[in-house]
file run_18.csv (CSV, C-alpha atoms and all ligand atoms)
chain,number,residue,atom,x,y,z
N,1,HIS,CA,33.6,-15.0,1.2
N,2,GLU,CA,33.2,-18.8,0.8
N,3,TRP,CA,29.4,-18.6,1.3
N,4,HIS,CA,29.0,-16.1,-1.6
N,5,ALA,CA,30.3,-18.8,-4.0
N,6,TRP,CA,28.0,-21.3,-2.4
N,7,LEU,CA,25.0,-18.9,-2.9
N,8,ARG,CA,26.0,-18.2,-6.5
N,9,ALA,CA,26.0,-21.9,-7.2
N,10,LEU,CA,22.4,-22.4,-5.9
N,11,PRO,CA,20.2,-22.8,-8.9
N,12,LYS,CA,17.7,-19.9,-8.9
N,13,ALA,CA,15.1,-18.3,-11.0
N,14,GLU,CA,14.6,-14.5,-11.4
N,15,LEU,CA,10.9,-13.7,-11.5
N,16,HIS,CA,10.7,-10.0,-11.1
N,17,LEU,CA,13.0,-8.2,-13.6
N,18,HIS,CA,12.1,-5.3,-15.9
N,19,ILE,CA,14.4,-5.6,-18.9
N,20,GLU,CA,14.3,-1.8,-19.3
N,21,GLY,CA,15.7,-1.6,-15.8
N,22,THR,CA,18.8,-3.4,-16.7
N,23,LEU,CA,20.1,-0.5,-18.9
N,24,GLU,CA,23.5,0.4,-17.3
N,25,PRO,CA,24.7,4.0,-17.8
N,26,GLU,CA,27.6,2.7,-20.0
N,27,MET,CA,25.1,1.1,-22.4
N,28,MET,CA,22.9,4.2,-22.2
N,29,PHE,CA,25.8,6.2,-23.6
N,30,GLU,CA,26.7,3.6,-26.2
N,31,LEU,CA,23.2,3.3,-27.6
N,32,ALA,CA,22.6,7.1,-27.4
N,33,GLY,CA,25.8,7.5,-29.5
N,34,ARG,CA,24.8,5.0,-32.2
N,35,ASN,CA,21.3,6.4,-32.4
N,36,GLY,CA,22.3,10.0,-32.5
N,37,ILE,CA,20.5,10.9,-29.2
N,38,VAL,CA,21.9,13.6,-27.0
N,39,LEU,CA,21.6,12.7,-23.3
N,40,PRO,CA,21.1,15.3,-20.6
N,41,TYR,CA,24.1,14.0,-18.8
N,42,ALA,CA,27.8,14.8,-19.2
N,43,ASP,CA,29.1,11.3,-18.5
N,44,VAL,CA,28.4,7.9,-17.0
N,45,GLN,CA,29.2,9.2,-13.5
N,46,ALA,CA,26.6,12.0,-13.9
N,47,VAL,CA,24.0,9.4,-14.7
N,48,ARG,CA,24.9,7.4,-11.6
N,49,ASP,CA,24.8,10.6,-9.5
N,50,ALA,CA,21.3,11.3,-10.7
N,51,TYR,CA,20.0,8.0,-9.3
N,52,GLN,CA,19.0,9.3,-5.9
N,53,PHE,CA,15.4,8.3,-5.6
N,54,THR,CA,12.8,9.4,-3.0
N,55,ASP,CA,9.9,7.2,-4.1
N,56,LEU,CA,8.7,5.1,-6.9
N,57,GLN,CA,7.7,8.0,-9.2
N,58,SER,CA,11.1,9.7,-8.9
N,59,PHE,CA,12.6,6.5,-10.2
N,60,LEU,CA,10.1,5.9,-12.9
N,61,ASP,CA,10.7,9.4,-14.4
N,62,LEU,CA,14.4,8.5,-15.0
N,63,TYR,CA,13.6,4.9,-16.0
N,64,TYR,CA,11.3,6.0,-18.8
N,65,ALA,CA,13.7,8.7,-19.9
N,66,GLY,CA,16.6,6.2,-20.0
N,67,ALA,CA,14.6,3.8,-22.2
N,68,GLY,CA,14.5,6.5,-24.9
N,69,VAL,CA,17.9,5.3,-26.2
N,70,LEU,CA,16.4,1.9,-27.2
N,71,VAL,CA,15.6,2.2,-30.8
N,72,THR,CA,16.7,-0.8,-33.0
N,73,GLU,CA,16.2,-4.5,-32.7
N,74,GLN,CA,20.0,-4.7,-32.0
N,75,ASP,CA,19.5,-2.3,-29.0
N,76,PHE,CA,16.9,-4.6,-27.5
N,77,TYR,CA,19.1,-7.6,-28.2
N,78,ASP,CA,22.2,-6.0,-26.7
N,79,LEU,CA,20.3,-5.0,-23.6
N,80,THR,CA,18.9,-8.4,-23.0
N,81,MET,CA,22.1,-10.3,-23.7
N,82,ALA,CA,24.0,-8.1,-21.2
N,83,TYR,CA,21.3,-8.9,-18.5
N,84,LEU,CA,21.5,-12.6,-19.3
N,85,ARG,CA,25.2,-12.7,-18.8
N,86,HIS,CA,24.8,-11.0,-15.4
N,87,ALA,CA,22.1,-13.5,-14.6
N,88,GLN,CA,24.2,-16.5,-15.5
N,89,ALA,CA,27.1,-15.2,-13.4
N,90,ASP,CA,24.6,-15.1,-10.5
N,91,GLY,CA,23.5,-18.7,-10.9
N,92,VAL,CA,20.2,-17.9,-12.6
N,93,VAL,CA,19.0,-20.9,-14.6
N,94,HIS,CA,15.6,-19.4,-15.5
N,95,ALA,CA,14.4,-15.8,-15.9
N,96,GLU,CA,10.9,-14.4,-16.4
N,97,LEU,CA,11.4,-10.9,-17.8
N,98,MET,CA,8.9,-8.1,-17.8
N,99,PHE,CA,8.9,-5.6,-20.6
N,100,ASP,CA,6.8,-2.4,-21.1
N,101,PRO,CA,5.7,-2.2,-24.8
N,102,GLN,CA,3.9,1.1,-24.2
N,103,THR,CA,7.2,2.8,-23.2
N,104,HIS,CA,8.4,2.0,-26.7
N,105,THR,CA,5.3,2.2,-28.9
N,106,GLN,CA,4.6,5.7,-27.5
N,107,ARG,CA,7.9,6.8,-29.0
N,108,GLY,CA,7.2,5.3,-32.4
N,109,ILE,CA,9.1,2.0,-31.9
N,110,ALA,CA,7.4,-0.9,-33.6
N,111,LEU,CA,6.2,-3.7,-31.2
N,112,GLU,CA,7.8,-6.2,-33.6
N,113,THR,CA,11.2,-4.5,-33.1
N,114,VAL,CA,10.9,-4.9,-29.3
N,115,PHE,CA,9.8,-8.6,-29.5
N,116,ALA,CA,12.4,-9.5,-32.1
N,117,GLY,CA,15.4,-8.1,-30.2
N,118,LEU,CA,14.4,-9.6,-26.9
N,119,ALA,CA,13.6,-13.0,-28.4
N,120,ARG,CA,16.8,-13.2,-30.4
N,121,ALA,CA,18.8,-12.8,-27.1
N,122,LEU,CA,16.6,-15.1,-25.1
N,123,ARG,CA,16.7,-17.9,-27.6
N,124,GLU,CA,20.4,-17.5,-28.1
N,125,ALA,CA,21.0,-17.6,-24.3
N,126,ARG,CA,19.0,-20.8,-24.1
N,127,ASP,CA,21.7,-22.5,-26.2
N,128,THR,CA,24.8,-20.6,-25.3
N,129,LEU,CA,24.3,-19.8,-21.6
N,130,GLY,CA,21.9,-22.5,-20.6
N,131,ILE,CA,19.3,-20.1,-19.3
N,132,SER,CA,15.6,-20.7,-20.1
N,133,SER,CA,13.3,-17.7,-20.1
N,134,TYR,CA,9.8,-16.4,-20.5
N,135,LEU,CA,8.4,-12.9,-21.3
N,136,LEU,CA,5.7,-11.1,-19.3
N,137,LEU,CA,4.2,-8.2,-21.3
N,138,SER,CA,3.4,-5.5,-18.7
N,139,PHE,CA,0.8,-2.8,-19.0
N,140,LEU,CA,1.6,0.6,-17.6
N,141,ARG,CA,-1.0,1.3,-14.9
N,142,HIS,CA,-0.7,5.1,-15.1
N,143,LEU,CA,-2.3,4.8,-18.6
N,144,SER,CA,-5.9,3.8,-19.2
N,145,GLU,CA,-7.4,0.3,-19.5
N,146,ASP,CA,-8.3,1.1,-23.1
N,147,GLU,CA,-4.6,1.7,-23.9
N,148,ALA,CA,-3.8,-1.6,-22.2
N,149,PHE,CA,-6.5,-3.3,-24.5
N,150,ALA,CA,-5.0,-1.5,-27.5
N,151,THR,CA,-1.5,-2.8,-26.6
N,152,LEU,CA,-2.8,-6.4,-26.2
N,153,GLU,CA,-4.6,-6.2,-29.5
N,154,ALA,CA,-1.4,-4.9,-31.2
N,155,ALA,CA,0.7,-7.7,-29.7
N,156,LEU,CA,-1.7,-10.7,-30.3
N,157,PRO,CA,-0.7,-11.1,-34.0
N,158,LEU,CA,2.9,-11.7,-32.7
N,159,ARG,CA,1.8,-14.3,-30.2
N,160,GLU,CA,2.3,-17.4,-32.4
N,161,ALA,CA,5.8,-16.3,-33.5
N,162,TYR,CA,6.9,-15.8,-29.9
N,163,ALA,CA,4.8,-18.6,-28.3
N,164,ASP,CA,7.9,-20.2,-26.7
N,165,LEU,CA,8.6,-17.0,-24.8
N,166,TRP,CA,5.5,-14.8,-24.3
N,167,ILE,CA,3.4,-16.6,-21.7
N,168,GLY,CA,2.2,-14.0,-19.4
N,169,ILE,CA,1.0,-10.5,-18.5
N,170,GLY,CA,2.1,-8.0,-15.8
N,171,LEU,CA,1.1,-4.6,-14.4
N,172,ASP,CA,3.7,-2.0,-13.4
N,173,SER,CA,4.4,1.7,-13.1
N,174,SER,CA,2.9,4.2,-10.7
N,175,GLU,CA,0.9,2.2,-8.1
N,176,ARG,CA,-0.8,4.7,-5.9
N,177,GLY,CA,-4.0,5.9,-7.4
N,178,ASN,CA,-4.0,3.1,-10.0
N,179,PRO,CA,-5.5,0.2,-8.3
N,180,PRO,CA,-5.6,-3.3,-9.9
N,181,GLU,CA,-9.4,-3.2,-10.5
N,182,LYS,CA,-8.8,-0.5,-13.1
N,183,PHE,CA,-7.5,-3.3,-15.3
N,184,ALA,CA,-10.2,-5.9,-14.4
N,185,ARG,CA,-11.6,-6.3,-17.9
N,186,VAL,CA,-8.3,-6.5,-19.7
N,187,TYR,CA,-7.0,-9.1,-17.2
N,188,GLY,CA,-10.2,-11.1,-17.7
N,189,ARG,CA,-9.5,-11.1,-21.4
N,190,CYS,CA,-5.9,-12.1,-20.9
N,191,ALA,CA,-7.1,-15.0,-18.7
N,192,GLU,CA,-9.4,-16.2,-21.4
N,193,LEU,CA,-6.5,-16.1,-23.8
N,194,GLY,CA,-4.6,-18.4,-21.6
N,195,PHE,CA,-1.9,-16.0,-20.3
N,196,ARG,CA,-0.3,-16.4,-16.9
N,197,LEU,CA,-1.0,-13.4,-14.8
N,198,VAL,CA,1.1,-11.3,-12.3
N,199,ALA,CA,0.7,-7.8,-11.1
N,200,HIS,CA,2.7,-5.3,-8.9
N,201,ALA,CA,0.8,-4.7,-5.7
N,202,GLY,CA,1.7,-3.7,-2.2
N,203,GLU,CA,5.0,-2.0,-3.0
N,204,GLU,CA,3.9,1.6,-2.3
N,205,GLY,CA,0.2,0.8,-2.5
N,206,PRO,CA,-1.9,-0.5,0.4
N,207,PRO,CA,-2.7,-4.1,1.2
N,208,ALA,CA,-6.2,-3.6,-0.4
N,209,TYR,CA,-4.4,-3.5,-3.7
N,210,VAL,CA,-2.9,-6.9,-3.1
N,211,ARG,CA,-6.4,-8.2,-2.2
N,212,SER,CA,-7.7,-6.7,-5.4
N,213,ALA,CA,-4.9,-8.2,-7.6
N,214,LEU,CA,-5.7,-11.6,-6.1
N,215,ASP,CA,-9.4,-11.6,-6.2
N,216,THR,CA,-10.2,-9.2,-9.1
N,217,LEU,CA,-7.3,-9.8,-11.4
N,218,LYS,CA,-6.8,-13.4,-10.3
N,219,VAL,CA,-3.0,-13.2,-10.5
N,220,ALA,CA,-0.9,-16.3,-9.8
N,221,ARG,CA,1.9,-14.2,-8.2
N,222,ILE,CA,2.2,-10.8,-6.5
N,223,ASP,CA,5.1,-8.6,-7.5
N,224,HIS,CA,6.6,-7.0,-4.3
N,225,GLY,CA,3.6,-7.5,-2.0
N,226,VAL,CA,5.6,-6.5,1.0
N,227,ARG,CA,2.9,-4.3,2.5
N,228,SER,CA,0.7,-7.4,2.8
N,229,SER,CA,2.0,-7.9,6.3
N,230,GLU,CA,-0.1,-4.8,7.4
N,231,ASP,CA,-3.2,-6.9,6.9
N,232,PRO,CA,-2.9,-10.2,8.9
N,233,ALA,CA,-6.0,-11.8,7.3
N,234,LEU,CA,-4.6,-11.0,3.8
N,235,LEU,CA,-1.2,-12.4,4.8
N,236,GLN,CA,-2.8,-15.6,6.1
N,237,ASP,CA,-4.6,-15.9,2.8
N,238,LEU,CA,-1.4,-15.5,0.8
N,239,ILE,CA,0.2,-18.2,3.0
N,240,ARG,CA,-2.7,-20.6,2.8
N,241,ARG,CA,-3.1,-20.2,-1.0
N,242,ARG,CA,0.7,-20.3,-1.4
N,243,VAL,CA,0.7,-17.2,-3.6
N,244,PRO,CA,4.4,-16.3,-4.3
N,245,LEU,CA,5.7,-12.8,-3.5
N,246,THR,CA,8.5,-11.6,-5.8
N,247,VAL,CA,10.3,-9.5,-3.3
N,248,CYS,CA,13.0,-7.0,-4.4
N,249,PRO,CA,15.0,-5.9,-1.3
N,250,LEU,CA,17.5,-3.4,-2.8
N,251,SER,CA,14.6,-1.9,-4.9
N,252,ASN,CA,12.6,-1.4,-1.7
N,253,LEU,CA,15.6,0.2,-0.1
N,254,LYS,CA,16.4,2.6,-3.0
N,255,LEU,CA,12.8,3.7,-3.4
N,256,GLY,CA,12.2,4.3,0.3
N,257,VAL,CA,9.7,1.5,0.9
N,258,VAL,CA,12.1,0.5,3.7
N,259,HIS,CA,14.7,2.8,5.2
N,260,HIS,CA,17.2,0.1,6.1
N,261,LEU,CA,17.4,-3.5,5.0
N,262,ARG,CA,17.5,-4.5,8.7
N,263,ASN,CA,13.9,-3.3,8.7
N,264,HIS,CA,12.8,-5.3,5.7
N,265,ASN,CA,10.0,-7.8,6.4
N,266,LEU,CA,11.3,-10.4,3.9
N,267,ALA,CA,12.6,-12.7,6.7
N,268,LYS,CA,9.4,-12.3,8.8
N,269,LEU,CA,7.3,-13.1,5.7
N,270,LEU,CA,9.4,-16.2,5.0
N,271,ARG,CA,9.4,-17.4,8.6
N,272,ALA,CA,5.6,-16.9,8.7
N,273,GLY,CA,5.3,-19.4,5.8
N,274,ALA,CA,4.9,-17.1,2.8
N,275,VAL,CA,6.3,-18.2,-0.5
N,276,VAL,CA,9.0,-15.5,-0.7
N,277,THR,CA,11.4,-15.1,-3.6
N,278,VAL,CA,14.3,-12.7,-4.0
N,279,ASN,CA,14.7,-10.6,-7.2
N,280,SER,CA,16.4,-7.5,-8.6
N,281,ASP,CA,13.6,-5.5,-10.2
N,282,ASP,CA,15.7,-2.8,-12.0
N,283,PRO,CA,19.3,-3.8,-11.2
N,284,ALA,CA,21.0,-1.0,-13.2
N,285,TYR,CA,19.1,1.6,-11.2
N,286,PHE,CA,19.0,0.0,-7.8
N,287,GLY,CA,22.7,-1.0,-7.5
N,288,GLY,CA,22.6,-4.8,-7.6
N,289,TYR,CA,21.7,-7.9,-9.6
N,290,VAL,CA,19.9,-10.9,-8.0
N,291,LEU,CA,22.9,-12.3,-6.2
N,292,ASP,CA,23.6,-8.9,-4.6
N,293,ASN,CA,20.0,-8.9,-3.4
N,294,TYR,CA,20.5,-12.4,-1.8
N,295,ILE,CA,23.7,-11.3,-0.1
N,296,ALA,CA,22.5,-8.0,1.2
N,297,SER,CA,19.4,-9.6,2.6
N,298,ALA,CA,21.3,-12.5,4.2
N,299,ASP,CA,23.7,-10.0,5.8
N,300,ALA,CA,21.0,-7.6,7.0
N,301,LEU,CA,18.5,-10.2,8.2
N,302,ASP,CA,20.8,-13.1,9.3
N,303,LEU,CA,19.2,-15.5,6.9
N,304,SER,CA,20.4,-19.0,7.6
N,305,ARG,CA,21.8,-21.3,4.8
N,306,ASP,CA,18.5,-23.3,5.0
N,307,GLU,CA,16.5,-20.1,4.5
N,308,LEU,CA,18.7,-19.2,1.5
N,309,VAL,CA,18.1,-22.7,0.0
N,310,THR,CA,14.4,-22.2,0.6
N,311,LEU,CA,14.4,-18.8,-1.2
N,312,ALA,CA,16.2,-20.2,-4.2
N,313,ALA,CA,13.9,-23.3,-4.3
N,314,ASN,CA,10.9,-21.1,-4.0
N,315,SER,CA,12.0,-19.1,-7.0
N,316,LEU,CA,12.0,-22.2,-9.2
N,317,LYS,CA,8.7,-23.5,-7.8
N,318,ALA,CA,7.0,-20.1,-8.2
N,319,SER,CA,8.1,-19.9,-11.8
N,320,PHE,CA,5.8,-20.6,-14.7
N,321,LEU,CA,8.0,-23.5,-15.9
N,322,PRO,CA,6.2,-26.8,-16.1
N,323,PRO,CA,6.6,-28.8,-12.9
N,324,ALA,CA,8.7,-31.5,-14.6
N,325,GLU,CA,11.2,-28.8,-15.8
N,326,GLN,CA,11.2,-27.2,-12.3
N,327,ALA,CA,12.1,-30.6,-10.8
N,328,GLY,CA,15.0,-30.9,-13.3
N,329,LEU,CA,16.5,-27.6,-12.1
N,330,LEU,CA,16.0,-28.0,-8.4
N,401,LIG,N1,7.3,-0.7,-9.5
N,401,LIG,C1,6.5,-0.3,-10.4
N,401,LIG,N2,6.8,-0.2,-11.7
N,401,LIG,C2,8.0,-0.5,-12.1
N,401,LIG,C3,9.0,-0.9,-11.2
N,401,LIG,C4,8.6,-1.0,-9.8
N,401,LIG,O1,9.4,-1.4,-8.9
N,401,LIG,N3,10.1,-1.1,-11.9
N,401,LIG,C5,9.8,-0.8,-13.2
N,401,LIG,N4,8.6,-0.4,-13.3
N,402,ZN,ZN,9.0,-4.2,-10.5
call {"tool": "encode", "arguments": {"input": "run_18.csv", "output": "structure tokens", "more": "lines below"}}
Ligand code: HPA
Ligand code: ZN
result
Amino acid sequence: HEWHAWLRALPKAELHLHIEGTLEPEMMFELAGRNGIVLPYADVQAVRDAYQFTDLQSFLDLYYAGAGVLVTEQDFYDLTMAYLRHAQADGVVHAELMFDPQTHTQRGIALETVFAGLARALREARDTLGISSYLLLSFLRHLSEDEAFATLEAALPLREAYADLWIGIGLDSSERGNPPEKFARVYGRCAELGFRLVAHAGEEGPPAYVRSALDTLKVARIDHGVRSSEDPALLQDLIRRRVPLTVCPLSNLKLGVVHHLRNHNLAKLLRAGAVVTVNSDDPAYFGGYVLDNYIASADALDLSRDELVTLAANSLKASFLPPAEQAGLL
């Protein structure tokens, strides 16, 4: 398709991407092999067959188990470099990657190992692939706020060494029952420290969680946020305040947030004036990288070329890049 090449060439940023969610089954086996880990799957196909999710938690259970093969600095480097190559092939010029330190420190992996492997790939890709990037350290919301504080304290000594990359904080994992306000104090501390703030809200959780992420956590962007449309006053606020939503259509489809992409509200949100962006979330688990998300959405929702240009431009403008750098990429 001629328009796929056109879409690929549009400069875009990826703003909602969990690096642990880019672990393809092939790499899962490769890393398990070199780390002496026995996987509960016979082969790559058995892993793919297991990826039949009914909701967010059914995905998270396999996602956290999969991350168990990541042990060495080289593992984190290889994972990140493989993602960056995919991203470059999709026309991504800037990526803001979330990572879940608690998933690794809970298994006895040193925080420094995680940072070092991610950063080596990100810095190399800046030179060899021409992709700029930032890191968003994400707290696991099913754990306590005290554990989030402990993670922050453990990471802060590394801040200076990774100051070119680690600019922000995110909140992910099981949404229902873990409202944003559970993390009000740690987000307040992160704001004082000068971090940029995002949080997952309104994926499975109610619009009230989006309101709380905005007003209590004071986030600059909402990850997902698709349930915001259930509260018209909230949606009007998001539009008026130009709060970006990092929407992940194929993720929403695979986790049953929507039952068909035709029913996805991305186009309605965009046409109502919301700052919508398109992202892949966990591409190895949801069956598509960012360009696949653009194409599937365009097909299902009849997005016009102008709308696709707007989505790509929104992604750069919603990034944490300084405005002058955004302008250079647009
Ligand atoms: N939602 C919440 N937590 C996550 C996700 C998601 O889509 N992906 C990885 N962690
Ligand atoms: Zn996510």
call {"tool": "residues_near_point", "arguments": {"input": "run_18.csv", "point": "(14.6, -7.3, 6.6)", "cutoff": "9 Å", "atoms": "all atoms listed in the file", "output": "PyMOL selection string"}}
result
chain N and resi 249+258+260-268+297-298+300-302
call {"tool": "residues_near_ligand", "arguments": {"input": "run_18.csv", "ligand": "ligand LIG 401 (chain N)", "cutoff": "9 Å", "atoms": "only C-alpha atoms and all ligand atoms", "output": "PyMOL selection string"}}
result
chain N and resi 16-21+56-57+59-60+63-64+98-100+140-141+171-175+200-201+203-204+223-224+248+251-252+255+281-282
call {"tool": "closest_residue", "arguments": {"input": "run_18.csv", "among": "N:Asp164, N:Asp306, N:Asp78, N:Glu96", "to": "ligand ZN 402 (chain N)", "atoms": "only C-alpha atoms and all ligand atoms"}}
result
N:Glu96
call {"tool": "closest_residue", "arguments": {"input": "run_18.csv", "among": "N:Ala116, N:Val247, N:Leu129, N:Val69", "to": "ligand ZN 402 (chain N)", "atoms": "all atoms listed in the file"}}
result
N:Val247
call {"tool": "closest_residue", "arguments": {"input": "run_18.csv", "among": "N:Gly202, N:Gly91, N:Pro232, N:Pro101", "to": "Ile169 of chain N", "atoms": "all atoms listed in the file"}}
result
N:Pro101
call {"tool": "residues_around", "arguments": {"input": "run_18.csv", "residues": "segment 187-198 of chain N", "least_positions_apart": "6", "cutoff": "9 Å", "atoms": "all atoms listed in the file", "output": "PyMOL selection string"}}
result
chain N and resi 136+138+149+152+166-171+213+216-223+320
call {"tool": "atom_distance", "arguments": {"input": "run_18.csv", "atom1": "atom CA of Phe139 of chain N", "atom2": "atom ZN of ligand ZN 402 (chain N)"}}
result
11.9 Å
call {"tool": "axis_aligned_box", "arguments": {"input": "run_18.csv", "around": "segment 185-203 of chain N", "padding_each_side": "5 Å", "output": "lines of an AutoDock Vina configuration file"}}
result
center_x = -3.3
center_y = -10.2
center_z = -13.0
size_x = 26.6
size_y = 26.4
size_z = 31.6
call {"tool": "atom_distance", "arguments": {"input": "run_18.csv", "atom1": "atom CA of Leu39 of chain N", "atom2": "atom CA of Ala67 of chain N"}}
result
11.4 Å
call {"tool": "atom_distance", "arguments": {"input": "run_18.csv", "atom1": "atom CA of Gln88 of chain N", "atom2": "atom CA of Ala284 of chain N"}}
result
16.0 Å
call {"tool": "closest_residue", "arguments": {"input": "run_18.csv", "among": "N:Tyr77, N:Tyr83, N:Phe115, N:Tyr289", "to": "Ile131 of chain N", "atoms": "all atoms listed in the file"}}
result
N:Tyr83
call {"tool": "closest_residue", "arguments": {"input": "run_18.csv", "among": "N:Leu135, N:Val276, N:Met27, N:Ala110", "to": "Leu308 of chain N", "atoms": "only C-alpha atoms"}}
result
N:Val276
call {"tool": "residues_around", "arguments": {"input": "run_18.csv", "residues": "Thr113 of chain N", "least_positions_apart": "3", "cutoff": "12 Å", "atoms": "all atoms listed in the file", "output": "CSV table (one decimal) with C-alpha atoms, in the coordinates of the input"}}
result
chain,number,residue,atom,x,y,z
N,70,LEU,CA,16.4,1.9,-27.2
N,71,VAL,CA,15.6,2.2,-30.8
N,72,THR,CA,16.7,-0.8,-33.0
N,73,GLU,CA,16.2,-4.5,-32.7
N,74,GLN,CA,20.0,-4.7,-32.0
N,75,ASP,CA,19.5,-2.3,-29.0
N,76,PHE,CA,16.9,-4.6,-27.5
N,77,TYR,CA,19.1,-7.6,-28.2
N,101,PRO,CA,5.7,-2.2,-24.8
N,104,HIS,CA,8.4,2.0,-26.7
N,105,THR,CA,5.3,2.2,-28.9
N,108,GLY,CA,7.2,5.3,-32.4
N,109,ILE,CA,9.1,2.0,-31.9
N,110,ALA,CA,7.4,-0.9,-33.6
N,116,ALA,CA,12.4,-9.5,-32.1
N,117,GLY,CA,15.4,-8.1,-30.2
N,118,LEU,CA,14.4,-9.6,-26.9
N,119,ALA,CA,13.6,-13.0,-28.4
N,120,ARG,CA,16.8,-13.2,-30.4
N,155,ALA,CA,0.7,-7.7,-29.7
N,158,LEU,CA,2.9,-11.7,-32.7
call {"tool": "closest_residue", "arguments": {"input": "run_18.csv", "among": "N:Ala199, N:Phe29, N:Leu269, N:Thr80", "to": "ligand ZN 402 (chain N)", "atoms": "only C-alpha atoms and all ligand atoms"}}
result
N:Ala199
call {"tool": "residues_around", "arguments": {"input": "run_18.csv", "residues": "segment 310-312 of chain N", "least_positions_apart": "6", "cutoff": "10 Å", "atoms": "all atoms listed in the file", "output": "list of chain:residue names"}}
result
N:Leu7, N:Leu10, N:Pro11, N:Lys12, N:Ala13, N:Glu14, N:Val92, N:Leu270, N:Val275, N:Val276, N:Thr277, N:Val278, N:Tyr294, N:Leu303, N:Ser304, N:Leu330
call {"tool": "residues_near_point", "arguments": {"input": "run_18.csv", "point": "(-0.7, -7.3, -1.4)", "cutoff": "7 Å", "atoms": "all atoms listed in the file", "output": "mmCIF file with C-alpha atoms, in the frame of the given file"}}
result
data_model
loop_
_atom_site.group_PDB
_atom_site.id
_atom_site.type_symbol
_atom_site.label_atom_id
_atom_site.label_comp_id
_atom_site.auth_asym_id
_atom_site.auth_seq_id
_atom_site.Cartn_x
_atom_site.Cartn_y
_atom_site.Cartn_z
ATOM 1 C CA ALA N 201 0.800 -4.700 -5.700
ATOM 2 C CA GLY N 202 1.700 -3.700 -2.200
ATOM 3 C CA PRO N 207 -2.700 -4.100 1.200
ATOM 4 C CA ALA N 208 -6.200 -3.600 -0.400
ATOM 5 C CA TYR N 209 -4.400 -3.500 -3.700
ATOM 6 C CA VAL N 210 -2.900 -6.900 -3.100
ATOM 7 C CA ARG N 211 -6.400 -8.200 -2.200
ATOM 8 C CA ILE N 222 2.200 -10.800 -6.500
ATOM 9 C CA GLY N 225 3.600 -7.500 -2.000
ATOM 10 C CA VAL N 226 5.600 -6.500 1.000
ATOM 11 C CA ARG N 227 2.900 -4.300 2.500
ATOM 12 C CA SER N 228 0.700 -7.400 2.800
#
call {"tool": "residues_around", "arguments": {"input": "run_18.csv", "residues": "Ala50 of chain N", "least_positions_apart": "3", "cutoff": "12 Å", "atoms": "only C-alpha atoms", "output": "CSV table (one decimal) with C-alpha atoms, keeping the file's coordinate frame"}}
result
chain,number,residue,atom,x,y,z
N,25,PRO,CA,24.7,4.0,-17.8
N,40,PRO,CA,21.1,15.3,-20.6
N,41,TYR,CA,24.1,14.0,-18.8
N,42,ALA,CA,27.8,14.8,-19.2
N,43,ASP,CA,29.1,11.3,-18.5
N,44,VAL,CA,28.4,7.9,-17.0
N,45,GLN,CA,29.2,9.2,-13.5
N,46,ALA,CA,26.6,12.0,-13.9
N,47,VAL,CA,24.0,9.4,-14.7
N,53,PHE,CA,15.4,8.3,-5.6
N,54,THR,CA,12.8,9.4,-3.0
N,58,SER,CA,11.1,9.7,-8.9
N,59,PHE,CA,12.6,6.5,-10.2
N,61,ASP,CA,10.7,9.4,-14.4
N,62,LEU,CA,14.4,8.5,-15.0
N,63,TYR,CA,13.6,4.9,-16.0
N,66,GLY,CA,16.6,6.2,-20.0
N,285,TYR,CA,19.1,1.6,-11.2
N,286,PHE,CA,19.0,0.0,-7.8
